[in-house]
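Notes to accompany the following structure.
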Amino acid sequence: MAPDHKDQIFGTIGLAPGIEDAMVKRLTLGETGGPARTSYEVRLIRTEPGFAVYATDITRLVQAETVQRDILQTLTKTFASLTIGLTVFDRTRSLALFNPALIDMTGLQPEFLIARPGLISFFDALRDRQVMPEPRNYGTWRTQINEMVETARGGLYQEVWSLPTGQTYRVTGRPYPDGDVAFLFEDISIEISATRRHRLQMDLRQSVIDHLEQGIAVLSDDGSLIFCNAAFGALIGIDPDRSLVEMRLHDVIAACRERSFGTGPWGDIEQRIASNALTAPIRYSIALPDNSALALQVLPLGRGQAMLTLSKHQSALLNAAALETG
């Protein structure tokens, strides 16, 4: 203890006649000639002769409390700025913490949340406001909620709620070692809409390409078949969607060679694509034994990817051998 702190402590607490039998007080005193400050917890206890004064240096404790308070304020500001709704239920399953985003997402009244409702009451309120899917059997719904909490305690709970309003929430339950359970409510409506829109666009694109008479196949830089329309599959007799293994360049070339009864520059095409030596479009006309012909194009797509196109046409003038036309 600094030499002048003793006098400052006695001067601060005073010893008035009406003082209680015991008193606890915190004091923060400065050092003479310097900015350093020391915090004390002072205990004043009445004894037979008079008073006993105990002063304990709690500077580190006060500093730790200050840091904790600053962290709590930072977390509070962070939670307040989150767009994800947050609820934390303590081990007694009472609401212990929530953030403003939860109010915005659920429409629950702040007074209701401040009153620390129980877990079932909270989800009852969500159900009443149609902020959770309507249970098919209300009699077993409460049991399902309890099971949901138990699942969350195991760190496994995550569910997507499609609401009657058209919104979609992703609800995640996260357990904590002390028995608390946090639930995160994330509005993924835009994400889901974008995914559905993208899927519809992809399905439409696939449908359009499948209706083309020209067969189209795309190979990745590692030789994997990443796209094949219906016409291409029909022309060479493959169905990648039903294949149990991934089709690769060699498999596609083998199917083409078999379909054309061995004719055609398939070995050269395979070598060029495999060695990434395809720098310009190549066109072939491949005669088939039934007097039909396959018009073949091999086009580089960049980054080692290649596209094959096939179209069938009739011609009585074609020779039986494959003729390179470009």
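Order determines the names: the first chain of the structure tokens is A, the second B, and so forth; residues in each chain are numbered 1 upward, and ligands are numbered 1 upward as they are shown.
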For this session: Step one, run DSSP on the backbone; step two, keep only residues of range 76-138 of chain A assigned to alpha helix (DSSP H); then write them as a VMD selection string.
Result: chain A and resid 76 to 81 100 to 106 110 to 114 119 to 128 138
For this session: May I have the residues within 6 Å of Leu296 in chain A as a list of chain:residue names, using only C-alpha atoms and disregarding those fewer than 5 positions away in the same chain?
Result: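 Once the adjacent positions are removed, what remains is A:Arg283, A:Tyr284, A:Thr309, A:Leu310.
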For this session: Write down as a ChimeraX atom specification the residues of range 94-211 of chain A whose backbone DSSP state falls under strand (DSSP E or B).
Result: /A:94-98,118,158-162,168-175,181-187
For this session: Tell me which of A:Trp141, A:Tyr169, A:Tyr176, A:Phe185 sits closest to Arg127 in chain A, counting only C-alpha atoms.
Result: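 For Arg127 in chain A, the nearest of the given residues is A:Trp141.
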Problem set entry | Nearest-residue call for Thr168 in chain A, choices A:Met105, A:Leu294, A:Ile216, A:Leu225, using only C-alpha atoms |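 Residue with the minimum atom-to-atom distance to Thr168 in chain A: A:Met105.
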For this session: Pick out the residues sitting within 9 Å of range 131-133 of chain A, and hand them over as a PyMOL selection string; count only C-alpha atoms, and ignore anything fewer than 4 positions along from it in its own chain.
Result: chain A and resi 105-107+123+125-127+161-165+169
For this session: Compile the contact shell of Val298 in chain A as a VMD selection string: residues with an atom at most 12 Å away, counting only C-alpha atoms, same-chain residues fewer than 2 positions apart removed.
Result: chain A and resid 215 to 219 265 to 266 268 to 270 272 to 273 277 to 285 295 to 296 300 to 301 305 to 310 326
Problem set entry | Contacts of Asp180 in chain A at 10 Å (only C-alpha atoms; same-chain gap of 3+ positions) as a PyMOL selection string | chain A and resi 88-96+153+174-177
Problem set entry | Among listed residues A:Ile188, A:Leu72, A:Ala230, A:Val181, nearest Thr87 in chain A (using only C-alpha atoms) | A:Val181
Problem set entry | Residue with smallest distance to Arg205 in chain A - pool A:Ser81, A:Asn99, A:Phe227, A:Thr76, counting only C-alpha atoms |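 With only C-alpha atoms as the atom set, the closest residue is A:Phe227.
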Exercise. A:Val42, A:Ile103, A:Ile192, A:Val149: which is nearest Gln8 in chain A, counting only C-alpha atoms?
Worked result: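 Checking each candidate against Gln8 in chain A, we get A:Val42 as the closest.
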For this session: Go ahead and compute the interatomic distance for CA of Leu97 in chain A and CA of Ala64 in chain A, in Å to one decimal.
Result: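 Separating CA of Leu97 in chain A from CA of Ala64 in chain A is a distance of 22.9 Å.
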Exercise. If you count only C-alpha atoms, which residues fall within 12 Å of Glu191 in chain A, apart from same-chain ones fewer than 3 positions away, as a count of residues only?
Worked result: 12
For this session: Point out the residue among A:Leu249, A:Ala115, A:Tyr157, A:Leu82 with the least atom-to-atom distance to Ser224 in chain A, counting only C-alpha atoms.
Result: A:Leu249
Exercise. Do you have the CA of Glu111 in chain A-CA of Pro135 in chain A distance handy?
Worked result: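 If I compute the distance from CA of Glu111 in chain A to CA of Pro135 in chain A, I get 26.2 Å.
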Exercise. What is the CA of Leu61 in chain A-CA of Ser39 in chain A distance in Å, reported with one decimal?
Worked result: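 Those two atoms sit 8.7 Å apart.
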